[in-house]
Structures are given as C-alpha cells and as structure tokens.
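Novice: This is the structure, below, for whatever I ask next.
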Amino acid sequence: MRRIYFSVYGSGLGHAARMYEISKKLWRQGDEFVYSSFEEGLDYLRSQGMHPLQSPSIDLKWSSEGGFSSRDSFVGFPRAILTFIKQFGFESDMLSRFKPRLVISDSRVSPIFAGRAQSIPVVTLLNQFKVLFPSRFRGKALSNSYERVAGNLLGLFWSLSEKVLMSDLPPPYTISEANINGTDVSNIIQYVGFTSPKLQVTEQSTQKVKRLLGLESRKLVFIHISGPNATKKRFAECALIVAEKLSKQFDVVVSLGYPNGSSEPKKIAGGSWLYEWCPVKDELFVLSDAIVGRAGHGTIGQCINLGTPAVLVPILNHSEQLANAEKYQKLGLGLELRSESLTADHLEETVDLLLREASYRERSHKIMEISKRYDGVDGVVRIAESYL
C-alpha cells in the first residue's frame with residue numbers, strides 16, 4: 001500500500017485540476033490518497049468525486065471590481081500569519097494521522113514544514129516561485145529590493161522540499177519568467193513542462209458536442225472564465241454581451257466556471273450558448289479557433305499544448321496573471337486585454353484581430369511543437385514514484 005498526501009492551493013481551479021490529474025496517473029490498486037484544499041479547489045475535488053479535507057483558507061482579499069486587493073491583503077497580513085500557523089497545525093495533524101510515504105504540495109508552504117518536521121519527503125509543484133509586487137510599484141528600486149528579499153526567503157522555504165518542480169517550459173519560453181527571475185535561489189527548480197490536465201477527447205465525443213450545440217462551418221470562440229468566484233462577475237457580464245455581438249460572425253460558447261453550477265447548456269442572445277459549469281470543456285478547447293480566458297497557468301498551458309491562440313484577460317491587479325499575459329503576448333501567441341480596459345466592444349475587436357491575423361496561430365503551432373517535448377504530468381509522476 002502506498003499512501004500519498006496531496007496538499008493543494010485552493011484559489012481558483014487550476015491547481016486542483018492538475019493535482020487531480022497527477023493523482024490519477026499515480027494511483028495503483030490498493031493505494032490510499034488524501035487531499036487537502038480550500039475554497040474553489042475544495043469544490044473542484046468534490047465535483048470529481050473526491051472527499052478532500054478542508055484546510056484553513058489563506059483568505060485573499062478581492063476588491064468590489066473583482067480584482068486582487070493589495071491594500072486589504074496587506075492590512076490583513078497579521079491575520080494571514082495566524083492562518084498559516086493554523087494551516088501548519090492542520091497539516092501536521094493530518095500527516096500524523098495518515099502517515100503517508102510522500103507529500104505532494106502544490107504551491108503551499110505549510111505542508112513542506114509539516115512534512116519536514118515528521119521526516120516525510122515532500123515534492124513541491126509551482127508555477128509561481130515568488131510573489132510579485134503590484135504592477136504600479138514594480139520597477140522602483142525599493143520595491144525591487146523588497147521583492148528580491150521576499151523571493152529569496154520564499155525560495156528557502158521551497159528548498160526544504162526534496163524536489164521543487166516548475167510547471168512551465170524552460171527559457172526562453174517560460175511563461176512565468178517574471179515570477180522566477182530576480183532571486184538568488186531560483187536555480188533549485190526543475191522544469192517539467194505544463195501540467196495542464198490532458199484533454200480527454202475522442203473524435204466521437206467532439207462530433208457529439210458539435211451536434212449538441214449546432215457547431216457547423218463557422219469559426220468557434222470559447223469564452224472560458226476561470227479563477228476565484230469573487231473575480232468573475234464583471235468578466236461574465238461582459239462575456240454575455242460580447243457573445244451576442246460575436247455570434248453574428250462566429251459560433252460562441254461561454255462557460256462561467258462554477259463547479260456547483262448547472263452542466264446543461266442554455267441558449268442565449270444571438271444563438272450562442274452558456275454553461276454555468278461546462279462538462280464538455282475539453283471538447284470545446286479542441287474545437288475552438290480562439291479561446292478567451294484568464295491568464296492562469298492552466299489555461300495558458302492548454303492553449304499552448306493545442307496550438308490555439310487566445311485573448312487573455314488577467315484578473316484585475318493580479319500580478320502573476322498580468323506577468324503571464326505579458327509574456328504570452330510577447331511570444332506572439334495571442335493578445336492581452338487588461339481588465340481595466342475590458343468592454344464588450346474592446347473584447348469584440350480583440351477577438352476579431354486575433355482571428356484575422358494568421359501569425360498568432362502560426363506562432364502558437366511553433367511553440368506547441370516545443371511543448372510536445374515535455375509532459376509535465378508524467379514528469380511529476382516519475383519524480384514522485386522515485387520516492388515511493
């Protein structure tokens with residue numbers, strides 16, 4: 001019997017989705033797995049039939065506009081320290097009870113400390129090595145110094161793991177390079193490639209979706225809204241307006257990304273389709289000519305692995321997503337549209353440009369071929385197996 005403890009960062013769905021995919025690849029008859037997470041990660045794991053433990057939430061602060069609130073998060077920093085202590089106590093207690101042979105941590109420090117204290121090997125998976133300062137402070141000498149010091153400190157915490165794996169391509173194609181560069185300890189990481197879940201599609205399943213939604217000869221635009229629920233309202237409102245506009249030229253499907261929402265498609269204005277929770281997301285990713293989505297690592301990884309260009313709309317004031325989207329556009333894979341500039345008209349124009357300009361698809365196919373040399377999920381599985 002092999003016992004593995006998965007500690008999953010719970011803000012948004014991407015961390016839980018990739019960790020669930022990794023656990024499926026690791027599982028063998030007789031194994032026992034335990035998951036711990038919080039917020040949307042908890043909901044996702046439950047939607048997959050798992051029974052995750054509810055860890056104390058890190059309690060990020062979101063603004064009324066649906067963006068990351070750096071001011072409120074800073075004010076709440078003392079409370080965050082208390083939450084971390086609670087997380088450490090929770091993870092320590094769970095490890096003592098479960099007695100796993102291995103801990104796999106996705107972007108969480110507390111299970112690293114807990115595993116180290118109990119002499120249990122820990123493998124850590126990251127797509128953000130350090131915490132970036134808000135963009136309005138970046139580039140200034142003082143903030144750069146603080147960011148470097150904080151990055152080095154966090155890097156020392158990550159280095160307590162047996163392995164620190166980066167879910168990304170190596171330079172110069174690293175999407176999260178801004179979240180890695182500028183520290184003295186980032187050389188501890190090992191690039192494994194994107195760990196976005198493999199799309200489980202067949203010709204039969206894609207044809208079934210095409211018939212269900214009446215997708216014929218027109219190009220398909222899939223508006224895939226992910227991330228914490230508190231960040232979705234404005235993006236969702238804009239998506240519903242732009243879906244009607246775009247449906248004059250294209251087939252359009254909108255997914256709101258609520259794990260507890262209805263999985264039945266609903267016809268909306270202009271003949272486009274709306275899902276609260278999309279059970280055929282994989283098929284739509286494969287069928288789409290353009291994706292509109294957040295700039296999370298999971299979404300970007302799937303777009304690159306499919307060679308599909310995208311319009312990325314980073315969460316407002318979310319430093320990691322802003323940096324990801326900037327690098328994605330710099331690589332020529334698609335276009336960035338900042339949340340503060342998000343309107344239905346602007347989004348319609350940006351999607352139209354993406355589909356008219358062939359270079360985005362050509363560049364996406366080039367980077368897709370590079371990405372094929374890596375298999376992030378299998379890479380994590382092989383490394384985890386070496387500790388079992």
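Note on naming: chains are A, B, ... as they come in the structure tokens, residues start from 1 per chain, ligands start from 1 in the order shown.
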Near Thr174 (chain A), counting only C-alpha atoms, which residues have an atom at most 12 Å away, once you skip same-chain residues fewer than 5 positions from it, shown as a compact mmCIF listing (two decimals) with C-alpha atoms, in the first residue's frame?

Specialist:
# COMPACT_ATOMS: atom_id res chain seq x y z
CA ASN A 127 4.08 27.93 -11.31
CA GLN A 128 4.94 30.97 -9.18
CA MET A 166 8.21 24.21 -12.16
CA SER A 167 5.10 23.66 -14.27
CA ASP A 168 6.45 25.54 -17.27
CA LEU A 169 8.76 25.40 -20.27
CA ASN A 179 7.76 35.05 -11.19
CA ILE A 180 11.12 33.25 -11.25
CA ASN A 181 13.79 35.78 -12.22
CA TYR A 191 11.29 22.50 -15.34
CA VAL A 192 8.88 19.67 -16.17
CA GLY A 193 6.63 21.34 -18.76
CA PHE A 194 3.00 22.33 -18.42
CA HIS A 297 -1.15 28.87 -15.88
CA ILE A 300 -2.27 29.10 -20.93
CA GLY A 301 -0.75 25.61 -20.83
CA ILE A 304 -0.13 26.20 -25.96
CA ALA A 323 3.04 38.95 -15.97
CA ASN A 324 1.86 35.70 -17.59
CA ALA A 325 -0.31 37.55 -20.11
CA GLU A 326 2.50 39.98 -20.92
CA LYS A 327 4.93 37.12 -21.68
CA TYR A 328 2.25 35.23 -23.67
CA LYS A 330 5.48 38.86 -26.16
CA LEU A 331 5.88 35.31 -27.51
CA ILE A 367 5.54 26.72 -29.50
CA ILE A 370 8.36 22.71 -28.42
CA SER A 371 5.90 21.94 -25.62

Novice: Pull the closest atom pair for each residue of region 277-298 of chain A that gets at most 12 Å from region 233-253 of chain A, along with the distance in Å to one decimal, counting only C-alpha atoms, ordering rows by chain and then ascending residue number, as a Markdown table.

Specialist:
| residue | atom | partner | partner_atom | distance |
| --- | --- | --- | --- | --- |
| A:Trp277 | CA | A:Val253 | CA | 11.8 |
| A:Cys278 | CA | A:Val253 | CA | 9.7 |
| A:Val280 | CA | A:Val253 | CA | 10.8 |
| A:Lys281 | CA | A:Val253 | CA | 9.9 |
| A:Glu283 | CA | A:Val253 | CA | 11.7 |
| A:Leu284 | CA | A:Val253 | CA | 8.3 |
| A:Phe285 | CA | A:Val253 | CA | 10.6 |
| A:Leu287 | CA | A:Asp251 | CA | 10.8 |
| A:Ser288 | CA | A:Val252 | CA | 9.3 |
| A:Asp289 | CA | A:Phe250 | CA | 9.8 |
| A:Ala290 | CA | A:Val252 | CA | 10.0 |
| A:Ile291 | CA | A:Val253 | CA | 10.0 |
| A:Val292 | CA | A:Ala239 | CA | 9.2 |
| A:Gly293 | CA | A:Phe235 | CA | 9.4 |
| A:Arg294 | CA | A:Phe235 | CA | 9.5 |

Novice: Give me, as a PyMOL selection string, all polymer residues having an atom no more than 8 Å from Asn305 (chain A), counting only C-alpha atoms and skipping those fewer than 2 positions away in the same chain.

Specialist: chain A and resi 301-303+307-308+368+371-372

Novice: Would you export the selected residues with N, CA and C atoms as a PDB file, in the first residue's frame, please?

Specialist:
ATOM      1  N   GLY A 301      -1.371  26.884 -20.467  1.00  0.00           N
ATOM      2  CA  GLY A 301      -0.750  25.610 -20.831  1.00  0.00           C
ATOM      3  C   GLY A 301      -1.591  24.832 -21.819  1.00  0.00           C
ATOM      4  N   GLN A 302      -2.906  24.789 -21.615  1.00  0.00           N
ATOM      5  CA  GLN A 302      -3.771  24.062 -22.539  1.00  0.00           C
ATOM      6  C   GLN A 302      -3.819  24.727 -23.903  1.00  0.00           C
ATOM      7  N   CYS A 303      -3.844  26.058 -23.938  1.00  0.00           N
ATOM      8  CA  CYS A 303      -3.823  26.758 -25.224  1.00  0.00           C
ATOM      9  C   CYS A 303      -2.542  26.452 -25.993  1.00  0.00           C
ATOM     10  N   GLY A 307      -1.988  24.516 -29.541  1.00  0.00           N
ATOM     11  CA  GLY A 307      -1.641  25.411 -30.631  1.00  0.00           C
ATOM     12  C   GLY A 307      -2.760  26.382 -30.965  1.00  0.00           C
ATOM     13  N   THR A 308      -3.575  26.732 -29.972  1.00  0.00           N
ATOM     14  CA  THR A 308      -4.719  27.611 -30.176  1.00  0.00           C
ATOM     15  C   THR A 308      -4.430  28.990 -29.602  1.00  0.00           C
ATOM     16  N   MET A 368       3.775  25.027 -29.672  1.00  0.00           N
ATOM     17  CA  MET A 368       3.157  23.740 -29.365  1.00  0.00           C
ATOM     18  C   MET A 368       4.132  22.594 -29.630  1.00  0.00           C
ATOM     19  N   SER A 371       6.545  22.453 -26.837  1.00  0.00           N
ATOM     20  CA  SER A 371       5.905  21.944 -25.620  1.00  0.00           C
ATOM     21  C   SER A 371       5.719  20.429 -25.666  1.00  0.00           C
ATOM     22  N   LYS A 372       5.579  19.869 -26.860  1.00  0.00           N
ATOM     23  CA  LYS A 372       5.382  18.420 -27.004  1.00  0.00           C
ATOM     24  C   LYS A 372       6.579  17.617 -26.502  1.00  0.00           C
TER      25      LYS A 372
END

Novice: Tell me, as a compact mmCIF listing (two decimals) with C-alpha atoms, in the first residue's frame, which residues lie within 9 Å of Leu256 (chain A), counting only C-alpha atoms; anything in the same chain fewer than 5 positions away does not count.

Specialist:
# COMPACT_ATOMS: atom_id res chain seq x y z
CA ILE A 223 -15.05 32.14 -23.62
CA HIS A 224 -13.76 30.18 -20.66
CA ILE A 225 -14.00 32.08 -17.35
CA SER A 226 -11.91 30.61 -14.55
CA LYS A 232 -15.90 36.59 -12.23
CA ALA A 236 -19.15 37.26 -17.02
CA GLY A 261 -23.49 25.25 -11.34
CA LEU A 274 -23.98 29.43 -21.93
CA TYR A 275 -22.78 26.88 -19.37
CA GLU A 276 -22.57 27.56 -15.64
CA TRP A 277 -20.26 24.53 -15.44
CA CYS A 278 -19.09 23.07 -18.73

Novice: Just to confirm, what's the straight-line distance from CA of Tyr387 (chain A) to CA of Pro111 (chain A) in Å (one decimal)?

Specialist: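 Separation between CA of Tyr387 (chain A) and CA of Pro111 (chain A): 16.5 Å.
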
Novice: What is the CA of Pro228 (chain A) to CA of Pro259 (chain A) distance in Å?

Specialist: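 A separation of 11.1 Å between them.
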
Novice: If you run DSSP on the backbone, which residues of region 75-261 of chain A are helix (DSSP H, G or I), as JSON, numbers by chain?

Specialist: {"A": [75, 77, 78, 79, 80, 81, 82, 83, 84, 85, 86, 87, 88, 89, 90, 91, 92, 93, 94, 95, 96, 97, 98, 110, 111, 112, 113, 114, 115, 116, 117, 141, 142, 143, 144, 145, 146, 147, 148, 149, 150, 151, 152, 153, 154, 155, 156, 157, 158, 177, 178, 179, 186, 187, 188, 203, 204, 205, 206, 207, 208, 209, 210, 211, 212, 213, 229, 230, 231, 233, 234, 235, 236, 237, 238, 239, 240, 241, 242, 243, 244, 245, 246]}

Novice: Please return, as a list of chain:residue names, all residues of region 148-308 of chain A that DSSP assigns to strand (DSSP E) on the basis of the backbone.

Specialist: A:Lys163, A:Val164, A:Leu165, A:Met166, A:Ile189, A:Gln190, A:Tyr191, A:Leu220, A:Val221, A:Phe222, A:Ile223, A:His224, A:Asp251, A:Val252, A:Val253, A:Val254, A:Ser255, A:Lys266, A:Lys267, A:Trp273, A:Leu274, A:Tyr275, A:Ala290, A:Ile291, A:Val292, A:Gly293

Novice: Take the residues that were just selected and, keeping C-alpha atoms, output them as a JSON list (two decimals), in the first residue's frame.

Specialist:
[["chain", "number", "residue", "atom", "x", "y", "z"],
["A", 163, "LYS", "CA", 12.28, 18.46, -5.28],
["A", 164, "VAL", "CA", 10.95, 21.82, -6.48],
["A", 165, "LEU", "CA", 9.26, 21.38, -9.86],
["A", 166, "MET", "CA", 8.21, 24.21, -12.16],
["A", 189, "ILE", "CA", 13.84, 24.48, -9.68],
["A", 190, "GLN", "CA", 13.46, 21.76, -12.28],
["A", 191, "TYR", "CA", 11.29, 22.50, -15.34],
["A", 220, "LEU", "CA", -15.70, 28.79, -32.82],
["A", 221, "VAL", "CA", -14.84, 31.18, -29.98],
["A", 222, "PHE", "CA", -14.85, 29.64, -26.49],
["A", 223, "ILE", "CA", -15.05, 32.14, -23.62],
["A", 224, "HIS", "CA", -13.76, 30.18, -20.66],
["A", 251, "ASP", "CA", -20.16, 30.26, -33.08],
["A", 252, "VAL", "CA", -19.73, 31.26, -29.43],
["A", 253, "VAL", "CA", -19.84, 29.24, -26.20],
["A", 254, "VAL", "CA", -19.47, 30.83, -22.74],
["A", 255, "SER", "CA", -18.51, 28.88, -19.61],
["A", 266, "LYS", "CA", -28.58, 27.33, -22.24],
["A", 267, "LYS", "CA", -29.27, 29.22, -25.46],
["A", 273, "TRP", "CA", -24.52, 29.04, -25.67],
["A", 274, "LEU", "CA", -23.98, 29.43, -21.93],
["A", 275, "TYR", "CA", -22.78, 26.88, -19.37],
["A", 290, "ALA", "CA", -9.82, 31.11, -30.39],
["A", 291, "ILE", "CA", -10.00, 30.99, -26.61],
["A", 292, "VAL", "CA", -10.92, 33.92, -24.40],
["A", 293, "GLY", "CA", -9.89, 33.30, -20.82]]

Novice: Measuring atom to atom with only C-alpha atoms, identify which of A:Arg79, A:Lys208, A:His365, A:Arg18 is nearest to Ser105 (chain A).

Specialist: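 Counting only C-alpha atoms, the residue closest to Ser105 (chain A) is A:Arg18.
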
Novice: Name all residues at most 9 Å from Leu337 (chain A) (count only C-alpha atoms; drop same-chain ones fewer than 6 positions away) and give them as a tab-separated table (two decimals) with N, CA and C atoms, in the first residue's frame.

Specialist:
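Ended up saving to part-v7.tsv:
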chain	number	residue	atom	x	y	z
A	311	VAL	N	-7.12	35.24	-26.38
A	311	VAL	CA	-7.18	36.57	-25.78
A	311	VAL	C	-7.19	36.35	-24.27
A	312	LEU	N	-6.19	36.85	-23.58
A	312	LEU	CA	-6.08	36.65	-22.14
A	312	LEU	C	-6.51	37.91	-21.40
A	313	VAL	N	-7.38	37.73	-20.42
A	313	VAL	CA	-7.89	38.83	-19.61
A	313	VAL	C	-7.46	38.58	-18.16
A	314	PRO	N	-6.28	39.08	-17.74
A	314	PRO	CA	-5.81	38.81	-16.38
A	314	PRO	C	-6.77	39.39	-15.34
A	325	ALA	N	0.31	37.05	-18.88
A	325	ALA	CA	-0.31	37.55	-20.11
A	325	ALA	C	0.68	38.38	-20.93
A	346	HIS	N	-14.39	46.43	-26.92
A	346	HIS	CA	-12.94	46.19	-26.97
A	346	HIS	C	-12.64	44.70	-27.10
A	347	LEU	N	-13.39	43.88	-26.38
A	347	LEU	CA	-13.17	42.44	-26.48
A	347	LEU	C	-13.53	41.93	-27.86
A	350	THR	N	-10.73	42.78	-30.21
A	350	THR	CA	-9.52	42.00	-29.94
A	350	THR	C	-9.65	40.58	-30.47
